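> Sharing a structure here in structure tokens format.
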Amino acid sequence: MDFTFTEEQQAAVEAARAVLSGVAPDAVPSPALVPGAVAEDIDRPLWSRLAAADLLSLTLAPEHGGAGLDLIALCLVLRESAKVLARVPLLETCAVAMTLQRYAGEGPFTELLPRVGRGELVLTAGANGRTGHEPAERAVTARRDDGPDAPGAPGDGRRGNAAWVLDGVQSAVPWAQAADWIAIPAHTAPARTVPAPQGEAGAEGGGSGEGRAVLALVRRDQEGVTVAEQVSTSGELFGEVRLDGVRVGPGELIEAPGAWEWLRDLLTVGTCALALGLGETVLSMTSQYTSKREQFGFPVATFQAVAVQAADRYIDLRAMEVTLWQAAWRITTGGAGELPAAGDVAVAKIWASDGVRRVVQTAQHLHGGFGADTEYALHRFHAWAKQIELSLGSAAAHEEALADLLAAHPPV
């Protein structure tokens, strides 16, 4: 397989490095030193610089003011952002924007895309459900409201364009307090019974559409939406998004098959890119430290036990890298394989979760007590690694998903 990146993709990496060069990984307090979140907002100055460098519009089509690049380019930029623990919702905003661009058609949401590229809007997504251990779309129900007061109800000339009503909870939504719009996966439920005119039989919605996964985009300040503060393992401010009778009008909910699955795969692969960038920086920190730290008059890096552990972690990173690009390539090109692209996504996340955990654990071990010093950046990298490890599903969860795919697609 040819892993050579295009000139445009390489240019995106160079631009990202230039923008991120002044970002300090330990610019905010350690999560071990504060009772709540490490900060109340995202890094707004960095967000503005990313927009000015056209990195927020990287994957948007030219008609929306973007460069028209793909998921591979985004993963390259995410990889660089993780090396400095950039506190911005780059993955979430770009993934939701890519999904809207692909599935929203000419609806009202596509009008938001140029503003997203200019950094005027922040997007995020609820992908963890209530607990993180069940399909996220099952945590929220979406039912059509065909009642007399619903938009598109009988009598207004728009029969069939009824509103949707959302109820449920999405937990651990990244950067929810900073977001302007939140993508909410949901599953369809029976519609409300429509009162029939006198002398006619009543009608009931739902029917064959029950149980489908759909994707809604709601405003953070929309009526019926409440966001409760939650603090992530990395110390960042996340949110529990509760929806209580939230109404979305015609065209504000994406019913196209595969929209939520596409967004979930984008988020998962992007998380793998974050794990790779973080792991590479941590291994570099470990190499530098063990090269300077001496015992018995020799750098500890020259000891066989230390060298073998570092070599094992290097192998982990290379496996994380190759599985990441395989999954990103499958999603980007739609390339054929013995399993659906979801299989490659699962393999990439298995390696990302297990690999980044092993990298930071080895780093802590080889740093000795110095690695636990809250004034040293490794402590923050460890906290971020634990968050990334479990985000969008642990290795065990993706192993189970991969097993289901293998069972459903036996070798011919």
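Identifiers in this document derive from the order of the structure tokens: chains are assigned A, B, ..., residues are numbered from 1 separately in each chain, and ligands are numbered from 1 in order of occurrence.
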Given only C-alpha atoms, how would the per-residue table for stretch 260-362 of chain A near stretch 49-71 of chain A read, listing every residue at most 8 Å away with its closest atom pair and distance in Å to one decimal, sorted by chain and number, as a Markdown table?


```
| residue | atom | partner | partner_atom | distance |
| --- | --- | --- | --- | --- |
| A:Leu266 | CA | A:Leu71 | CA | 7.7 |
| A:Ala328 | CA | A:Leu71 | CA | 6.2 |
| A:Ile331 | CA | A:Leu71 | CA | 7.8 |
| A:Thr332 | CA | A:Leu71 | CA | 6.2 |
```

> Using only C-alpha atoms, which residues sit within 10 Å of A:Ser232 once same-chain residues fewer than 2 positions away are excluded, as a PyMOL selection string?

chain A and resi 31+36-38+172-174+229-230+234-239+383-384+386-387

> Select from stretch 237-344 of chain A every residue with an atom at most 8 Å from any atom of stretch 75-80 of chain A, then for each give the shortest pair of atoms and their distance in Å to one decimal, using only C-alpha atoms, rows by chain and rising number, as a tab-separated table.


```
residue	atom	partner	partner_atom	distance
A:Val269	CA	A:Cys75	CA	7.8
A:Gly270	CA	A:Cys75	CA	5.8
A:Ala273	CA	A:Arg79	CA	5.1
A:Leu274	CA	A:Arg79	CA	5.1
A:Ala275	CA	A:Arg79	CA	7.7
A:Leu276	CA	A:Arg79	CA	6.4
A:Gly277	CA	A:Arg79	CA	4.3
A:Leu278	CA	A:Arg79	CA	7.4
```

> Emit the selected residues as a compact mmCIF listing (two decimals), in the first residue's frame, including N, CA, C and O atoms.


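Writing the result to again-v2.txt gives the following:
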```txt
# COMPACT_ATOMS: atom_id res chain seq x y z
N VAL A 269 -12.45 7.43 13.76
CA VAL A 269 -11.16 7.48 13.07
C VAL A 269 -10.38 8.72 13.49
O VAL A 269 -9.16 8.68 13.70
N GLY A 270 -11.08 9.85 13.66
CA GLY A 270 -10.41 11.06 14.13
C GLY A 270 -9.82 10.87 15.52
O GLY A 270 -8.73 11.38 15.83
N ALA A 273 -6.57 9.21 15.21
CA ALA A 273 -5.52 10.16 14.83
C ALA A 273 -5.02 10.94 16.03
O ALA A 273 -3.81 11.19 16.17
N LEU A 274 -5.92 11.32 16.93
CA LEU A 274 -5.51 12.00 18.15
C LEU A 274 -4.63 11.09 19.01
O LEU A 274 -3.62 11.53 19.57
N ALA A 275 -5.00 9.83 19.11
CA ALA A 275 -4.21 8.88 19.90
C ALA A 275 -2.81 8.73 19.32
O ALA A 275 -1.82 8.65 20.07
N LEU A 276 -2.71 8.69 18.01
CA LEU A 276 -1.41 8.53 17.37
C LEU A 276 -0.52 9.74 17.64
O LEU A 276 0.65 9.59 18.04
N GLY A 277 -1.04 10.95 17.44
CA GLY A 277 -0.24 12.14 17.68
C GLY A 277 0.20 12.25 19.12
O GLY A 277 1.36 12.59 19.41
N LEU A 278 -0.71 11.97 20.04
CA LEU A 278 -0.36 12.02 21.46
C LEU A 278 0.71 10.98 21.79
O LEU A 278 1.70 11.27 22.49
```

> From stretch 84-121 of chain A, collect each residue whose DSSP state is helix (DSSP H, G or I) and return the set as a PDB file with N, CA, C and O atoms, in the first residue's frame.


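As a result, out-v8.pdb now contains:
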```
ATOM      1  N   LEU A  90     -11.790  20.606  17.161  1.00  0.00           N
ATOM      2  CA  LEU A  90     -11.486  20.485  15.737  1.00  0.00           C
ATOM      3  C   LEU A  90     -12.119  19.232  15.142  1.00  0.00           C
ATOM      4  O   LEU A  90     -12.734  19.277  14.073  1.00  0.00           O
ATOM      5  N   LEU A  91     -11.981  18.100  15.824  1.00  0.00           N
ATOM      6  CA  LEU A  91     -12.548  16.856  15.314  1.00  0.00           C
ATOM      7  C   LEU A  91     -14.056  16.938  15.232  1.00  0.00           C
ATOM      8  O   LEU A  91     -14.654  16.630  14.189  1.00  0.00           O
ATOM      9  N   GLU A  92     -14.692  17.338  16.309  1.00  0.00           N
ATOM     10  CA  GLU A  92     -16.157  17.333  16.346  1.00  0.00           C
ATOM     11  C   GLU A  92     -16.745  18.295  15.306  1.00  0.00           C
ATOM     12  O   GLU A  92     -17.687  17.941  14.584  1.00  0.00           O
ATOM     13  N   THR A  93     -16.195  19.507  15.229  1.00  0.00           N
ATOM     14  CA  THR A  93     -16.731  20.493  14.291  1.00  0.00           C
ATOM     15  C   THR A  93     -16.570  20.027  12.850  1.00  0.00           C
ATOM     16  O   THR A  93     -17.513  20.090  12.051  1.00  0.00           O
ATOM     17  N   CYS A  94     -15.392  19.541  12.502  1.00  0.00           N
ATOM     18  CA  CYS A  94     -15.150  19.125  11.127  1.00  0.00           C
ATOM     19  C   CYS A  94     -15.948  17.872  10.767  1.00  0.00           C
ATOM     20  O   CYS A  94     -16.465  17.758   9.646  1.00  0.00           O
ATOM     21  N   ALA A  95     -16.069  16.934  11.702  1.00  0.00           N
ATOM     22  CA  ALA A  95     -16.810  15.707  11.416  1.00  0.00           C
ATOM     23  C   ALA A  95     -18.293  15.992  11.195  1.00  0.00           C
ATOM     24  O   ALA A  95     -18.916  15.458  10.265  1.00  0.00           O
ATOM     25  N   VAL A  96     -18.875  16.841  12.044  1.00  0.00           N
ATOM     26  CA  VAL A  96     -20.291  17.189  11.861  1.00  0.00           C
ATOM     27  C   VAL A  96     -20.478  17.958  10.558  1.00  0.00           C
ATOM     28  O   VAL A  96     -21.429  17.702   9.807  1.00  0.00           O
ATOM     29  N   ALA A  97     -19.573  18.889  10.259  1.00  0.00           N
ATOM     30  CA  ALA A  97     -19.684  19.655   9.017  1.00  0.00           C
ATOM     31  C   ALA A  97     -19.574  18.744   7.801  1.00  0.00           C
ATOM     32  O   ALA A  97     -20.314  18.908   6.816  1.00  0.00           O
ATOM     33  N   MET A  98     -18.670  17.769   7.836  1.00  0.00           N
ATOM     34  CA  MET A  98     -18.545  16.831   6.716  1.00  0.00           C
ATOM     35  C   MET A  98     -19.819  16.017   6.541  1.00  0.00           C
ATOM     36  O   MET A  98     -20.234  15.722   5.412  1.00  0.00           O
ATOM     37  N   THR A  99     -20.452  15.652   7.653  1.00  0.00           N
ATOM     38  CA  THR A  99     -21.688  14.872   7.578  1.00  0.00           C
ATOM     39  C   THR A  99     -22.824  15.703   7.004  1.00  0.00           C
ATOM     40  O   THR A  99     -23.606  15.224   6.171  1.00  0.00           O
ATOM     41  N   LEU A 100     -22.931  16.963   7.429  1.00  0.00           N
ATOM     42  CA  LEU A 100     -23.960  17.840   6.878  1.00  0.00           C
ATOM     43  C   LEU A 100     -23.746  18.036   5.384  1.00  0.00           C
ATOM     44  O   LEU A 100     -24.695  18.025   4.592  1.00  0.00           O
ATOM     45  N   GLN A 101     -22.509  18.213   4.994  1.00  0.00           N
ATOM     46  CA  GLN A 101     -22.199  18.425   3.584  1.00  0.00           C
ATOM     47  C   GLN A 101     -22.578  17.221   2.743  1.00  0.00           C
ATOM     48  O   GLN A 101     -23.057  17.356   1.614  1.00  0.00           O
ATOM     49  N   ARG A 102     -22.398  16.037   3.309  1.00  0.00           N
ATOM     50  CA  ARG A 102     -22.660  14.797   2.559  1.00  0.00           C
ATOM     51  C   ARG A 102     -24.140  14.421   2.545  1.00  0.00           C
ATOM     52  O   ARG A 102     -24.651  13.930   1.529  1.00  0.00           O
ATOM     53  N   TYR A 103     -24.859  14.664   3.659  1.00  0.00           N
ATOM     54  CA  TYR A 103     -26.200  14.114   3.802  1.00  0.00           C
ATOM     55  C   TYR A 103     -27.328  15.143   3.884  1.00  0.00           C
ATOM     56  O   TYR A 103     -28.485  14.770   3.719  1.00  0.00           O
ATOM     57  N   PRO A 108     -31.411  23.633   5.109  1.00  0.00           N
ATOM     58  CA  PRO A 108     -30.960  24.845   5.805  1.00  0.00           C
ATOM     59  C   PRO A 108     -29.592  24.699   6.465  1.00  0.00           C
ATOM     60  O   PRO A 108     -28.903  25.689   6.659  1.00  0.00           O
ATOM     61  N   PHE A 109     -29.192  23.481   6.780  1.00  0.00           N
ATOM     62  CA  PHE A 109     -27.922  23.308   7.484  1.00  0.00           C
ATOM     63  C   PHE A 109     -26.717  23.600   6.601  1.00  0.00           C
ATOM     64  O   PHE A 109     -25.657  23.972   7.101  1.00  0.00           O
ATOM     65  N   THR A 110     -26.848  23.390   5.297  1.00  0.00           N
ATOM     66  CA  THR A 110     -25.700  23.658   4.433  1.00  0.00           C
ATOM     67  C   THR A 110     -25.345  25.141   4.423  1.00  0.00           C
ATOM     68  O   THR A 110     -24.210  25.498   4.116  1.00  0.00           O
ATOM     69  N   GLU A 111     -26.304  26.000   4.794  1.00  0.00           N
ATOM     70  CA  GLU A 111     -26.013  27.421   4.868  1.00  0.00           C
ATOM     71  C   GLU A 111     -25.087  27.755   6.029  1.00  0.00           C
ATOM     72  O   GLU A 111     -24.477  28.831   6.060  1.00  0.00           O
ATOM     73  N   LEU A 112     -24.976  26.829   6.990  1.00  0.00           N
ATOM     74  CA  LEU A 112     -24.088  27.050   8.131  1.00  0.00           C
ATOM     75  C   LEU A 112     -22.628  26.785   7.791  1.00  0.00           C
ATOM     76  O   LEU A 112     -21.733  27.269   8.491  1.00  0.00           O
ATOM     77  N   LEU A 113     -22.370  26.004   6.757  1.00  0.00           N
ATOM     78  CA  LEU A 113     -21.024  25.511   6.503  1.00  0.00           C
ATOM     79  C   LEU A 113     -19.996  26.624   6.280  1.00  0.00           C
ATOM     80  O   LEU A 113     -18.886  26.549   6.828  1.00  0.00           O
ATOM     81  N   PRO A 114     -20.288  27.662   5.481  1.00  0.00           N
ATOM     82  CA  PRO A 114     -19.282  28.730   5.345  1.00  0.00           C
ATOM     83  C   PRO A 114     -18.940  29.386   6.672  1.00  0.00           C
ATOM     84  O   PRO A 114     -17.774  29.740   6.914  1.00  0.00           O
ATOM     85  N   ARG A 115     -19.921  29.538   7.551  1.00  0.00           N
ATOM     86  CA  ARG A 115     -19.668  30.139   8.858  1.00  0.00           C
ATOM     87  C   ARG A 115     -18.806  29.218   9.728  1.00  0.00           C
ATOM     88  O   ARG A 115     -17.977  29.693  10.515  1.00  0.00           O
ATOM     89  N   VAL A 116     -19.005  27.914   9.581  1.00  0.00           N
ATOM     90  CA  VAL A 116     -18.161  26.962  10.303  1.00  0.00           C
ATOM     91  C   VAL A 116     -16.715  27.112   9.850  1.00  0.00           C
ATOM     92  O   VAL A 116     -15.787  27.160  10.668  1.00  0.00           O
ATOM     93  N   GLY A 117     -16.514  27.206   8.549  1.00  0.00           N
ATOM     94  CA  GLY A 117     -15.169  27.334   8.021  1.00  0.00           C
ATOM     95  C   GLY A 117     -14.477  28.609   8.456  1.00  0.00           C
ATOM     96  O   GLY A 117     -13.247  28.645   8.585  1.00  0.00           O
TER      97      GLY A 117
END
```

> May I ask for the distance between atom CA of A:Gly337 and atom CA of A:Pro411, given in Å to one decimal place?

11.3 Å

> I need the strand (DSSP E) residues of stretch 44-275 of chain A per DSSP on the backbone, written as a ChimeraX atom specification.

/A:123-125,140-145,163-174,181-189,213-219,225-231,237-248,253-254

> Residues at most 7 Å from A:Val359, counting only C-alpha atoms, excluding those fewer than 6 positions away in the same chain, as a ChimeraX atom specification?

/A:279,283,313

> Give the answer as one residue: which of A:Leu402, A:Val214, A:Ile72, A:Leu263 has the shortest atom-to-atom distance to A:Glu321, using only C-alpha atoms?

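Result for the nearest residue to A:Glu321: A:Ile72.
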
> I'd like the neighbourhood of A:Leu253 as a PyMOL selection string, where a residue qualifies if any of its atoms comes within 7 Å (using only C-alpha atoms), though same-chain residues fewer than 3 positions away should be ignored.

chain A and resi 215-217+248

> Store the residues picked out above in a file with N, CA and C atoms, as an mmCIF file, in the first residue's frame.


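Listing of again16.cif after writing:
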```
data_model
loop_
_atom_site.group_PDB
_atom_site.id
_atom_site.type_symbol
_atom_site.label_atom_id
_atom_site.label_comp_id
_atom_site.auth_asym_id
_atom_site.auth_seq_id
_atom_site.Cartn_x
_atom_site.Cartn_y
_atom_site.Cartn_z
ATOM 1 N N LEU A 215 -30.460 11.684 12.472
ATOM 2 C CA LEU A 215 -29.495 12.626 13.026
ATOM 3 C C LEU A 215 -30.095 14.024 13.009
ATOM 4 N N ALA A 216 -30.176 14.628 14.183
ATOM 5 C CA ALA A 216 -30.718 15.980 14.309
ATOM 6 C C ALA A 216 -29.614 16.936 14.705
ATOM 7 N N LEU A 217 -29.775 18.195 14.355
ATOM 8 C CA LEU A 217 -28.858 19.249 14.774
ATOM 9 C C LEU A 217 -29.675 20.273 15.543
ATOM 10 N N VAL A 248 -37.872 20.009 16.238
ATOM 11 C CA VAL A 248 -37.107 20.404 15.060
ATOM 12 C C VAL A 248 -38.048 20.343 13.865
#
```

> Could you give me, as a ChimeraX atom specification, the residues within 10 Å of A:Leu243, counting only C-alpha atoms and dropping anything in the same chain fewer than 2 positions from it?

/A:140-141,165-170,184,218,222-227,240-241,245-247

> Pick out the residues sitting within 7 Å of stretch 19-22 of chain A, and hand them over as JSON, numbers by chain; count only C-alpha atoms, and ignore anything fewer than 2 positions along from it in its own chain.

{"A": [15, 16, 17, 24, 49, 50, 81]}

> Residues at most 12 Å from stretch 369-372 of chain A, counting only C-alpha atoms, excluding those fewer than 3 positions away in the same chain, as a short mmCIF file (atom, residue, chain, number, x, y, z; two decimals) with N, CA and C atoms, in the first residue's frame?


```cif
data_model
loop_
_atom_site.label_atom_id
_atom_site.label_comp_id
_atom_site.auth_asym_id
_atom_site.auth_seq_id
_atom_site.Cartn_x
_atom_site.Cartn_y
_atom_site.Cartn_z
N SER A 30 -3.21 21.29 35.79
CA SER A 30 -3.40 19.84 35.75
C SER A 30 -4.77 19.49 36.31
N ALA A 32 -5.47 17.19 38.15
CA ALA A 32 -5.29 16.72 39.53
C ALA A 32 -5.24 17.86 40.53
N VAL A 282 4.54 11.47 23.39
CA VAL A 282 4.90 10.85 24.66
C VAL A 282 6.14 9.97 24.49
N MET A 285 9.12 12.25 24.30
CA MET A 285 9.47 12.74 25.63
C MET A 285 10.24 11.67 26.42
N THR A 286 9.78 10.42 26.29
CA THR A 286 10.43 9.33 27.00
C THR A 286 11.85 9.11 26.49
N TYR A 289 14.10 11.89 27.80
CA TYR A 289 14.37 11.77 29.24
C TYR A 289 15.35 10.64 29.53
N THR A 290 15.12 9.47 28.93
CA THR A 290 15.99 8.33 29.23
C THR A 290 17.38 8.50 28.64
N ARG A 293 18.87 10.86 31.56
CA ARG A 293 18.86 10.32 32.92
C ARG A 293 19.92 9.24 33.03
N VAL A 360 1.61 5.41 27.23
CA VAL A 360 1.69 6.31 28.39
C VAL A 360 2.08 5.55 29.65
N GLN A 361 1.66 4.30 29.77
CA GLN A 361 2.06 3.53 30.94
C GLN A 361 3.56 3.27 30.95
N THR A 362 4.10 2.92 29.79
CA THR A 362 5.55 2.73 29.71
C THR A 362 6.29 4.03 29.97
N ALA A 363 5.76 5.13 29.46
CA ALA A 363 6.39 6.43 29.70
C ALA A 363 6.43 6.75 31.18
N GLN A 364 5.34 6.52 31.88
CA GLN A 364 5.30 6.77 33.31
C GLN A 364 6.33 5.88 34.03
N HIS A 365 6.41 4.65 33.62
CA HIS A 365 7.34 3.71 34.26
C HIS A 365 8.79 4.14 34.04
N LEU A 366 9.13 4.51 32.81
CA LEU A 366 10.52 4.86 32.51
C LEU A 366 10.91 6.24 33.03
N GLU A 375 3.77 19.25 37.61
CA GLU A 375 4.36 20.39 36.92
C GLU A 375 5.07 19.99 35.63
N TYR A 376 5.02 18.69 35.32
CA TYR A 376 5.64 18.16 34.11
C TYR A 376 4.52 17.74 33.16
N ALA A 377 4.66 18.04 31.87
CA ALA A 377 3.55 17.87 30.92
C ALA A 377 3.09 16.43 30.76
N LEU A 378 3.94 15.46 31.08
CA LEU A 378 3.55 14.06 30.88
C LEU A 378 2.27 13.72 31.64
N HIS A 379 2.08 14.36 32.78
CA HIS A 379 0.88 14.10 33.57
C HIS A 379 -0.38 14.42 32.77
N ARG A 380 -0.37 15.54 32.05
CA ARG A 380 -1.54 15.91 31.25
C ARG A 380 -1.71 14.99 30.04
N PHE A 381 -0.61 14.57 29.42
CA PHE A 381 -0.70 13.63 28.31
C PHE A 381 -1.32 12.31 28.78
N HIS A 382 -0.98 11.88 29.97
CA HIS A 382 -1.55 10.64 30.49
C HIS A 382 -3.07 10.78 30.68
N ALA A 383 -3.51 11.91 31.22
CA ALA A 383 -4.94 12.12 31.43
C ALA A 383 -5.69 12.14 30.09
#
```

> If you measure from atom CA of A:Pro35 to atom CA of A:Thr268, what distance in Å do you get, rounded to one decimal?

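The value is 29.2 Å.
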
> Report, in Å with one decimal, the straight-line distance from atom CA of A:Ala186 to atom CA of A:Gly393.

17.9 Å

> Name the closest residue to A:Ala228 among the candidates A:Ser48, A:Ser353, A:Thr188, A:Gln177; distances are taken between atoms, counting only C-alpha atoms.

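Looking only at the distances to A:Ala228, the closest residue turns out to be A:Gln177.
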